[in-house]
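Report on one structure; see the data block that follows.
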Amino acid sequence: MTDVGVSAPVRAYHDGTKHHFRRFARSLGYLDWASQPNPFRSFTGAATVPLSPRPDAPSGSGRHNLQATIGDVLRHSLGLSAWKQLGPSRWSLRVNPSSGNLHPTEAYVIGDAEPGSGAAGVYHYAPDRHVLERRCAFDPASWQAAVAEPDGWLIALTSIHWREAWKYGERAFRYCQHDMGHAIAAIRIAAAMAGGTATLLPDWAHAEIAALIGIDRDEDFFEAEREEPGCLIAISRQSGVVSTESLVESRVVSPGVDSRVVSPGVESRVVSHEPLLAGVRAGQWTGKASQLSEDHTSWTFIDEIAAATRDPGRDVPGRSAGSSTPSHPAPAYPARVILQRRSAVAFDGVSAIGAAAFFSMLSRVLPPAPPFDALWWSPRIHLALFVHRVDQVAPGLYLLVRDPLAIDRLRAACGRDFLWEPASDRLPLFLLARGDGRAMARRLSCDQDIAADGFFSLGMIADFAASLEAFGAPFYRHLFWEAGVVGQVLYLEAEAAGARATGIGCFFDDPVHDVLGIADHHFQSLYHFTVGAPIEDIRLTTEPGYAWETSDQV
Ligand SMILES: Cc1cc2nc3c(=O)[nH]c(=O)nc-3n(C[C@H](O)[C@H](O)[C@H](O)COP(=O)(O)O)c2cc1C
């Protein structure tokens, strides 16, 4: 079963967008500043709804104060975290990271978000102003009929591929998926801060998500870049989503293929499709999408992989959100940590981290604790770590096996004569080889110093062929999402430990596989990451994300 399960279009795109030592994935090779896309989309003609904590947002009383919760969750997941300035250039940063700070991910809210208005709505989130733009007002009876928990609400995420392709060309589809994973994790963590939970709804087909949020309305996207549906997330106000007791692992039996899903033990659809889709179909739509660039370069490889991985939706046994049983405690990141998360641009190359802090960080990327409970599948991403400077941990190459059931297949796939020595009595961490891996880590991550100058860097190794065989081509996107979720936890863990992290989308794919002795598509490296002691760029000035915030909140 060498590469069984990897469909021809996925294999063509994945292999065709690898970086090689002698050849990068196809892109323009230069930045066409004249066509640089606007990082913020707006819908002209749509009414705006100010969100808490904007001073003009409705104050926080009333029925369940849902609007304040929506404001809170969006502010701490997809809102602006700072404005930076260097000379005449000024740019914003967000709570969620994005490759190249290009931010292809757009968010839509669906729910009864304006109590007293007499309508339920579909809204576009505009992070530059922290407002909702009302795209559709529809009969609240349709909402009530569709959902088990009327106080809950939905977030749909989409990608504007062009924003990433403008800079990165054909590899951009991968980065859009990473960014979506980061956004999913950011939303799950912000929902926990607000006392709730967030879970993906895999039963919604991409075509249904597009209809629900109106991105399939040609008339509203005249000359505007189209958005690709990504995922639908249920936000519940109840804190429990997955309890240890109710966690069920189900396996769709198919010889040799790992198709386990992890899900809460409650069987029901969280949101009924038909009443909601009928409601928005009959609703009143307003707003025209803004154009982000006047000129575009077409990247048909991206259109092809998007089409080949479009999700028809799937019923996952036992999938439900908001089961009222208490969950694993969500990681408690203070708002300060969430808002100050940044990517390091350089590390000092000398500082070390203690072993306890290192092991604690690694323990936080293990499921099923939040934010991993937002996902419906068992872990597919494992970490190949280059340990550079961790006190009492020998430098070398390690493997964190995030799903113990994958270990035999990982051992079989890694063709080199590794040690496989257990490196922790608490974690599924194995020492593969001792030695100074700094030069190798730098080289593999496109010669970026940040991969060598931190405490450790890593490659995220996806359980590739078996996952695609089990769940089909659309799962190609999910593998990147899981990598993004792991990355978001590492970002926040680093920040909480007084260190800093950086996601690394630029790496030489097959040379990473060579280091591990991986010779086929059973496992593939999808994303790199690095953590260390940052060197600040003191030339930059920093202002708060929003004018109503004071700089001590930054
Ligand atoms: C998927 C992904 C890939 C990235 N790849 C790189 C990279 O290869 N090199 C790098 O220096 N930064 C990389 N970054 C960091 C981004 O440049 C950074 O997130 C962006 O500039 C926004 O800054 P912030 O993270 O401080 O908000 C990556 C980030 C993401 C999410």
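Ligands are numbered from 1 in the order shown, chains are lettered A, B, ... in the order of the structure tokens, and residues start at 1 in each chain.
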Run DSSP on the backbone and tell me which residues of region 129-269 of chain A come out as strand (DSSP E); list them as a ChimeraX atom specification.
/A:131-138,153-159,197-200,228-236,247-251,260-264
Could you pull out the residues sitting within 8 Å of ligand 1, using only C-alpha atoms and all ligand atoms, and write them as number ranges by chain?
A: 81, 93-102, 174-179, 182, 341-345, 445-446, 448, 450, 484, 487, 502-507, 527-528
Distance query Leu375 (chain A) at most 12 Å, only C-alpha atoms, self and fewer than 2 positions along chain excluded, as number ranges by chain:
A: 181, 184-185, 188, 197-202, 231-234, 241-242, 261-264, 316, 319-321, 367-373, 377-380, 478-479, 481-486
Dump N, CA and C atoms for the selected residues as a compact mmCIF listing (two decimals), in the first residue's frame?
# COMPACT_ATOMS: atom_id res chain seq x y z
N GLY A 181 -6.31 26.54 10.12
CA GLY A 181 -6.08 25.77 11.35
C GLY A 181 -5.75 26.69 12.52
N ILE A 184 -8.99 28.29 13.57
CA ILE A 184 -9.87 27.36 14.31
C ILE A 184 -9.42 27.28 15.77
N ALA A 185 -8.11 27.12 15.97
CA ALA A 185 -7.60 27.03 17.34
C ALA A 185 -7.83 28.33 18.09
N ARG A 188 -11.39 28.43 19.16
CA ARG A 188 -11.68 27.49 20.26
C ARG A 188 -11.17 28.04 21.60
N THR A 197 -17.57 26.79 24.18
CA THR A 197 -16.82 25.79 23.45
C THR A 197 -16.99 25.99 21.95
N ALA A 198 -16.16 25.37 21.16
CA ALA A 198 -16.25 25.50 19.70
C ALA A 198 -15.91 24.17 19.07
N THR A 199 -16.73 23.74 18.12
CA THR A 199 -16.49 22.45 17.47
C THR A 199 -16.81 22.53 15.98
N LEU A 200 -15.98 21.89 15.19
CA LEU A 200 -16.24 21.83 13.74
C LEU A 200 -17.50 21.00 13.49
N LEU A 201 -18.25 21.40 12.46
CA LEU A 201 -19.43 20.63 12.05
C LEU A 201 -19.15 19.97 10.70
N PRO A 202 -18.65 18.73 10.72
CA PRO A 202 -18.22 18.10 9.47
C PRO A 202 -19.37 17.71 8.55
N CYS A 231 -14.76 25.93 6.66
CA CYS A 231 -15.40 25.08 7.66
C CYS A 231 -16.48 25.86 8.39
N LEU A 232 -17.34 25.09 9.05
CA LEU A 232 -18.40 25.69 9.87
C LEU A 232 -18.15 25.24 11.31
N ILE A 233 -18.21 26.21 12.22
CA ILE A 233 -17.88 25.94 13.63
C ILE A 233 -19.08 26.32 14.49
N ALA A 234 -19.49 25.42 15.37
CA ALA A 234 -20.57 25.74 16.32
C ALA A 234 -19.95 26.28 17.60
N VAL A 241 -17.55 20.22 26.12
CA VAL A 241 -17.78 19.68 24.79
C VAL A 241 -17.39 18.22 24.74
N VAL A 242 -16.29 17.88 25.35
CA VAL A 242 -15.87 16.48 25.32
C VAL A 242 -15.50 16.10 26.74
N VAL A 261 -12.18 8.24 14.39
CA VAL A 261 -12.60 9.61 14.69
C VAL A 261 -12.81 9.69 16.19
N VAL A 262 -12.60 10.85 16.73
CA VAL A 262 -12.82 11.05 18.15
C VAL A 262 -13.96 12.03 18.27
N SER A 263 -14.92 11.69 19.06
CA SER A 263 -16.05 12.60 19.15
C SER A 263 -16.82 12.37 20.43
N PRO A 264 -17.56 13.38 20.86
CA PRO A 264 -18.36 13.23 22.06
C PRO A 264 -19.44 12.16 21.86
N VAL A 316 -20.24 12.21 11.09
CA VAL A 316 -19.27 11.55 11.95
C VAL A 316 -20.03 10.96 13.12
N ARG A 319 -21.01 12.79 16.60
CA ARG A 319 -20.53 14.17 16.60
C ARG A 319 -21.61 15.11 17.10
N SER A 320 -21.29 15.88 18.08
CA SER A 320 -22.23 16.87 18.59
C SER A 320 -21.45 17.92 19.33
N ALA A 321 -21.97 19.11 19.41
CA ALA A 321 -21.31 20.15 20.20
C ALA A 321 -22.14 20.42 21.44
N PRO A 367 -3.72 15.80 22.30
CA PRO A 367 -5.17 15.76 22.47
C PRO A 367 -5.52 14.89 23.67
N PRO A 368 -6.76 14.90 24.16
CA PRO A 368 -7.91 15.55 23.54
C PRO A 368 -8.24 16.92 24.14
N ALA A 369 -7.35 17.47 24.94
CA ALA A 369 -7.68 18.74 25.60
C ALA A 369 -7.93 19.82 24.55
N PRO A 370 -8.70 20.85 24.91
CA PRO A 370 -8.89 21.97 23.98
C PRO A 370 -7.54 22.58 23.62
N PRO A 371 -7.35 23.10 22.43
CA PRO A 371 -8.33 23.28 21.37
C PRO A 371 -8.54 22.05 20.48
N PHE A 372 -7.87 20.91 20.83
CA PHE A 372 -7.97 19.76 19.92
C PHE A 372 -9.36 19.14 19.92
N ASP A 373 -10.16 19.45 20.94
CA ASP A 373 -11.52 18.92 20.97
C ASP A 373 -12.42 19.59 19.93
N TRP A 377 -11.39 14.25 14.32
CA TRP A 377 -10.60 13.07 13.96
C TRP A 377 -9.50 12.85 15.00
N SER A 378 -9.01 11.60 15.05
CA SER A 378 -7.91 11.30 15.95
C SER A 378 -6.63 11.92 15.38
N PRO A 379 -5.63 12.18 16.22
CA PRO A 379 -4.46 12.97 15.77
C PRO A 379 -3.73 12.35 14.59
N ARG A 380 -3.40 13.18 13.65
CA ARG A 380 -2.68 12.75 12.44
C ARG A 380 -1.31 13.41 12.33
N HIS A 478 -7.72 19.15 5.97
CA HIS A 478 -7.79 18.96 7.43
C HIS A 478 -6.42 18.68 8.03
N LEU A 479 -5.56 18.00 7.26
CA LEU A 479 -4.22 17.71 7.78
C LEU A 479 -3.48 19.01 8.07
N TRP A 481 -4.99 21.85 8.66
CA TRP A 481 -5.69 22.50 9.78
C TRP A 481 -5.14 22.00 11.12
N GLU A 482 -4.99 20.67 11.22
CA GLU A 482 -4.49 20.13 12.49
C GLU A 482 -3.08 20.69 12.77
N ALA A 483 -2.27 20.79 11.73
CA ALA A 483 -0.93 21.36 11.91
C ALA A 483 -1.04 22.81 12.42
N GLY A 484 -1.99 23.56 11.88
CA GLY A 484 -2.18 24.94 12.32
C GLY A 484 -2.65 25.01 13.78
N VAL A 485 -3.49 24.06 14.18
CA VAL A 485 -3.98 24.04 15.57
C VAL A 485 -2.79 23.76 16.51
N VAL A 486 -1.96 22.79 16.15
CA VAL A 486 -0.76 22.50 16.95
C VAL A 486 0.11 23.76 17.01
Which distance in Å separates CA of Glu294 (chain A) and CA of Gln85 (chain A), to one decimal?
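Atom-to-atom, CA of Glu294 (chain A) to CA of Gln85 (chain A), that is 25.6 Å.
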Nearest candidate to Phe358 (chain A) (options A:Trp548, A:Trp204, A:Phe455, A:Trp299; using only C-alpha atoms)
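When distances to Phe358 (chain A) are compared using only C-alpha atoms, the smallest one comes from A:Phe455.
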Just the residues within 12 Å of Val271 (chain A), please, counting only C-alpha atoms, with nothing from its chain fewer than 2 positions along; format it as a PyMOL selection string.
chain A and resi 110-111+142-150+152-154+199-204+212+232-236+268-269+273-277+319-322
Please identify every residue of region 259-317 of chain A that has at least one atom no farther than 12 Å from an atom of region 17-23 of chain A, counting only C-alpha atoms, and for each give the shortest atom pair and the distance in Å to one decimal, arranged by chain then increasing number, as a Markdown table.
| residue | atom | partner | partner_atom | distance |
| --- | --- | --- | --- | --- |
| A:Phe301 | CA | A:Thr17 | CA | 9.3 |
| A:Ile302 | CA | A:Thr17 | CA | 10.1 |
| A:Ile305 | CA | A:Thr17 | CA | 11.0 |
Quick one: distance from CA of Tyr476 (chain A) to CA of Ala308 (chain A) in Å, one decimal?
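Spanning CA of Tyr476 (chain A) to CA of Ala308 (chain A) is a straight-line distance of 9.7 Å.
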Just the number, please: distance in Å from CA of Phe347 (chain A) to CA of Val401 (chain A), one decimal.
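One can read the CA of Phe347 (chain A) to CA of Val401 (chain A) distance as 26.8 Å.
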Rank A:Ala289, A:Met180, A:Leu51, A:Ala470 by their smallest atom-to-atom distance to Arg129 (chain A), using only C-alpha atoms, and report the top residue only.
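The shortest atom-to-atom distance to Arg129 (chain A) comes from A:Leu51.
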Which is closest to Phe471 (chain A) among A:Arg260, A:Ala119, A:Phe40, A:Ala12, if we use only C-alpha atoms?
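Smallest distance to Phe471 (chain A) is found for A:Arg260.
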In region 243-490 of chain A, DSSP alpha helix (DSSP H) residues written as a VMD selection string:
chain A and resid 273 to 281 300 to 308 335 to 340 355 to 364 407 to 413 438 to 444 464 to 471 475 to 490
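Considering the residues A:Asp403, A:Asp447, A:Glu543, A:Glu170 and counting only C-alpha atoms, Pro428 (chain A) has its shortest atom-to-atom contact with A:Asp403.
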Could you name the residues that touch Leu492 (chain A) at 10 Å or less, counting only C-alpha atoms, but leaving out those on the same chain fewer than 4 positions away, as a list in words?
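That gives Ala186, Pro331, Tyr333, Pro334, Val337, Ile338, Leu339, Gln340, Arg341, Arg342, Met361, Gly487, Gln488, Ala496, Ala497, Gly498, Ala499, Arg500 and Ala501 of chain A.
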Atoms to include: N, CA and C atoms. Write the selected residues as a PDB file, in the first residue's frame.
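See again-v2.pdb below for the written result:
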ATOM      1  N   ALA A 186      -7.591  29.456  17.426  1.00  0.00           N
ATOM      2  CA  ALA A 186      -7.771  30.753  18.083  1.00  0.00           C
ATOM      3  C   ALA A 186      -9.224  30.920  18.526  1.00  0.00           C
ATOM      4  N   PRO A 331      -6.907  25.261  28.158  1.00  0.00           N
ATOM      5  CA  PRO A 331      -5.713  25.983  28.592  1.00  0.00           C
ATOM      6  C   PRO A 331      -6.093  27.419  28.928  1.00  0.00           C
ATOM      7  N   TYR A 333      -5.125  30.718  28.937  1.00  0.00           N
ATOM      8  CA  TYR A 333      -4.196  31.777  28.535  1.00  0.00           C
ATOM      9  C   TYR A 333      -4.836  33.117  28.875  1.00  0.00           C
ATOM     10  N   PRO A 334      -4.129  33.962  29.630  1.00  0.00           N
ATOM     11  CA  PRO A 334      -4.711  35.271  29.898  1.00  0.00           C
ATOM     12  C   PRO A 334      -4.847  36.073  28.614  1.00  0.00           C
ATOM     13  N   VAL A 337      -1.678  37.374  27.093  1.00  0.00           N
ATOM     14  CA  VAL A 337      -0.858  36.449  26.293  1.00  0.00           C
ATOM     15  C   VAL A 337      -1.437  36.325  24.887  1.00  0.00           C
ATOM     16  N   ILE A 338      -2.766  36.240  24.806  1.00  0.00           N
ATOM     17  CA  ILE A 338      -3.418  36.076  23.508  1.00  0.00           C
ATOM     18  C   ILE A 338      -3.194  37.305  22.626  1.00  0.00           C
ATOM     19  N   LEU A 339      -3.261  38.484  23.229  1.00  0.00           N
ATOM     20  CA  LEU A 339      -3.125  39.703  22.425  1.00  0.00           C
ATOM     21  C   LEU A 339      -1.662  40.028  22.105  1.00  0.00           C
ATOM     22  N   GLN A 340      -0.746  39.518  22.906  1.00  0.00           N
ATOM     23  CA  GLN A 340       0.660  39.854  22.624  1.00  0.00           C
ATOM     24  C   GLN A 340       1.380  38.781  21.809  1.00  0.00           C
ATOM     25  N   ARG A 341       0.663  37.706  21.430  1.00  0.00           N
ATOM     26  CA  ARG A 341       1.309  36.687  20.592  1.00  0.00           C
ATOM     27  C   ARG A 341       1.876  37.316  19.337  1.00  0.00           C
ATOM     28  N   ARG A 342       3.127  37.047  19.072  1.00  0.00           N
ATOM     29  CA  ARG A 342       3.780  37.554  17.867  1.00  0.00           C
ATOM     30  C   ARG A 342       4.705  36.471  17.339  1.00  0.00           C
ATOM     31  N   MET A 361       5.344  22.296  27.518  1.00  0.00           N
ATOM     32  CA  MET A 361       4.876  22.771  26.199  1.00  0.00           C
ATOM     33  C   MET A 361       4.433  21.601  25.329  1.00  0.00           C
ATOM     34  N   GLY A 487       0.261  24.423  15.884  1.00  0.00           N
ATOM     35  CA  GLY A 487       1.090  25.632  15.832  1.00  0.00           C
ATOM     36  C   GLY A 487       0.553  26.731  16.736  1.00  0.00           C
ATOM     37  N   GLN A 488      -0.750  26.903  16.748  1.00  0.00           N
ATOM     38  CA  GLN A 488      -1.330  27.969  17.572  1.00  0.00           C
ATOM     39  C   GLN A 488      -1.050  27.704  19.057  1.00  0.00           C
ATOM     40  N   ALA A 496       3.436  32.366  26.742  1.00  0.00           N
ATOM     41  CA  ALA A 496       3.159  32.234  28.182  1.00  0.00           C
ATOM     42  C   ALA A 496       4.434  31.932  28.958  1.00  0.00           C
ATOM     43  N   ALA A 497       5.413  31.286  28.303  1.00  0.00           N
ATOM     44  CA  ALA A 497       6.669  30.939  28.975  1.00  0.00           C
ATOM     45  C   ALA A 497       7.689  32.072  28.865  1.00  0.00           C
ATOM     46  N   GLY A 498       7.274  33.226  28.325  1.00  0.00           N
ATOM     47  CA  GLY A 498       8.190  34.357  28.185  1.00  0.00           C
ATOM     48  C   GLY A 498       9.127  34.199  26.996  1.00  0.00           C
ATOM     49  N   ALA A 499       8.828  33.258  26.117  1.00  0.00           N
ATOM     50  CA  ALA A 499       9.636  33.041  24.913  1.00  0.00           C
ATOM     51  C   ALA A 499       8.795  33.462  23.706  1.00  0.00           C
ATOM     52  N   ARG A 500       9.146  32.998  22.540  1.00  0.00           N
ATOM     53  CA  ARG A 500       8.370  33.345  21.353  1.00  0.00           C
ATOM     54  C   ARG A 500       8.535  32.235  20.316  1.00  0.00           C
ATOM     55  N   ALA A 501       7.569  32.130  19.408  1.00  0.00           N
ATOM     56  CA  ALA A 501       7.612  31.081  18.382  1.00  0.00           C
ATOM     57  C   ALA A 501       7.428  31.701  17.002  1.00  0.00           C
TER      58      ALA A 501
END
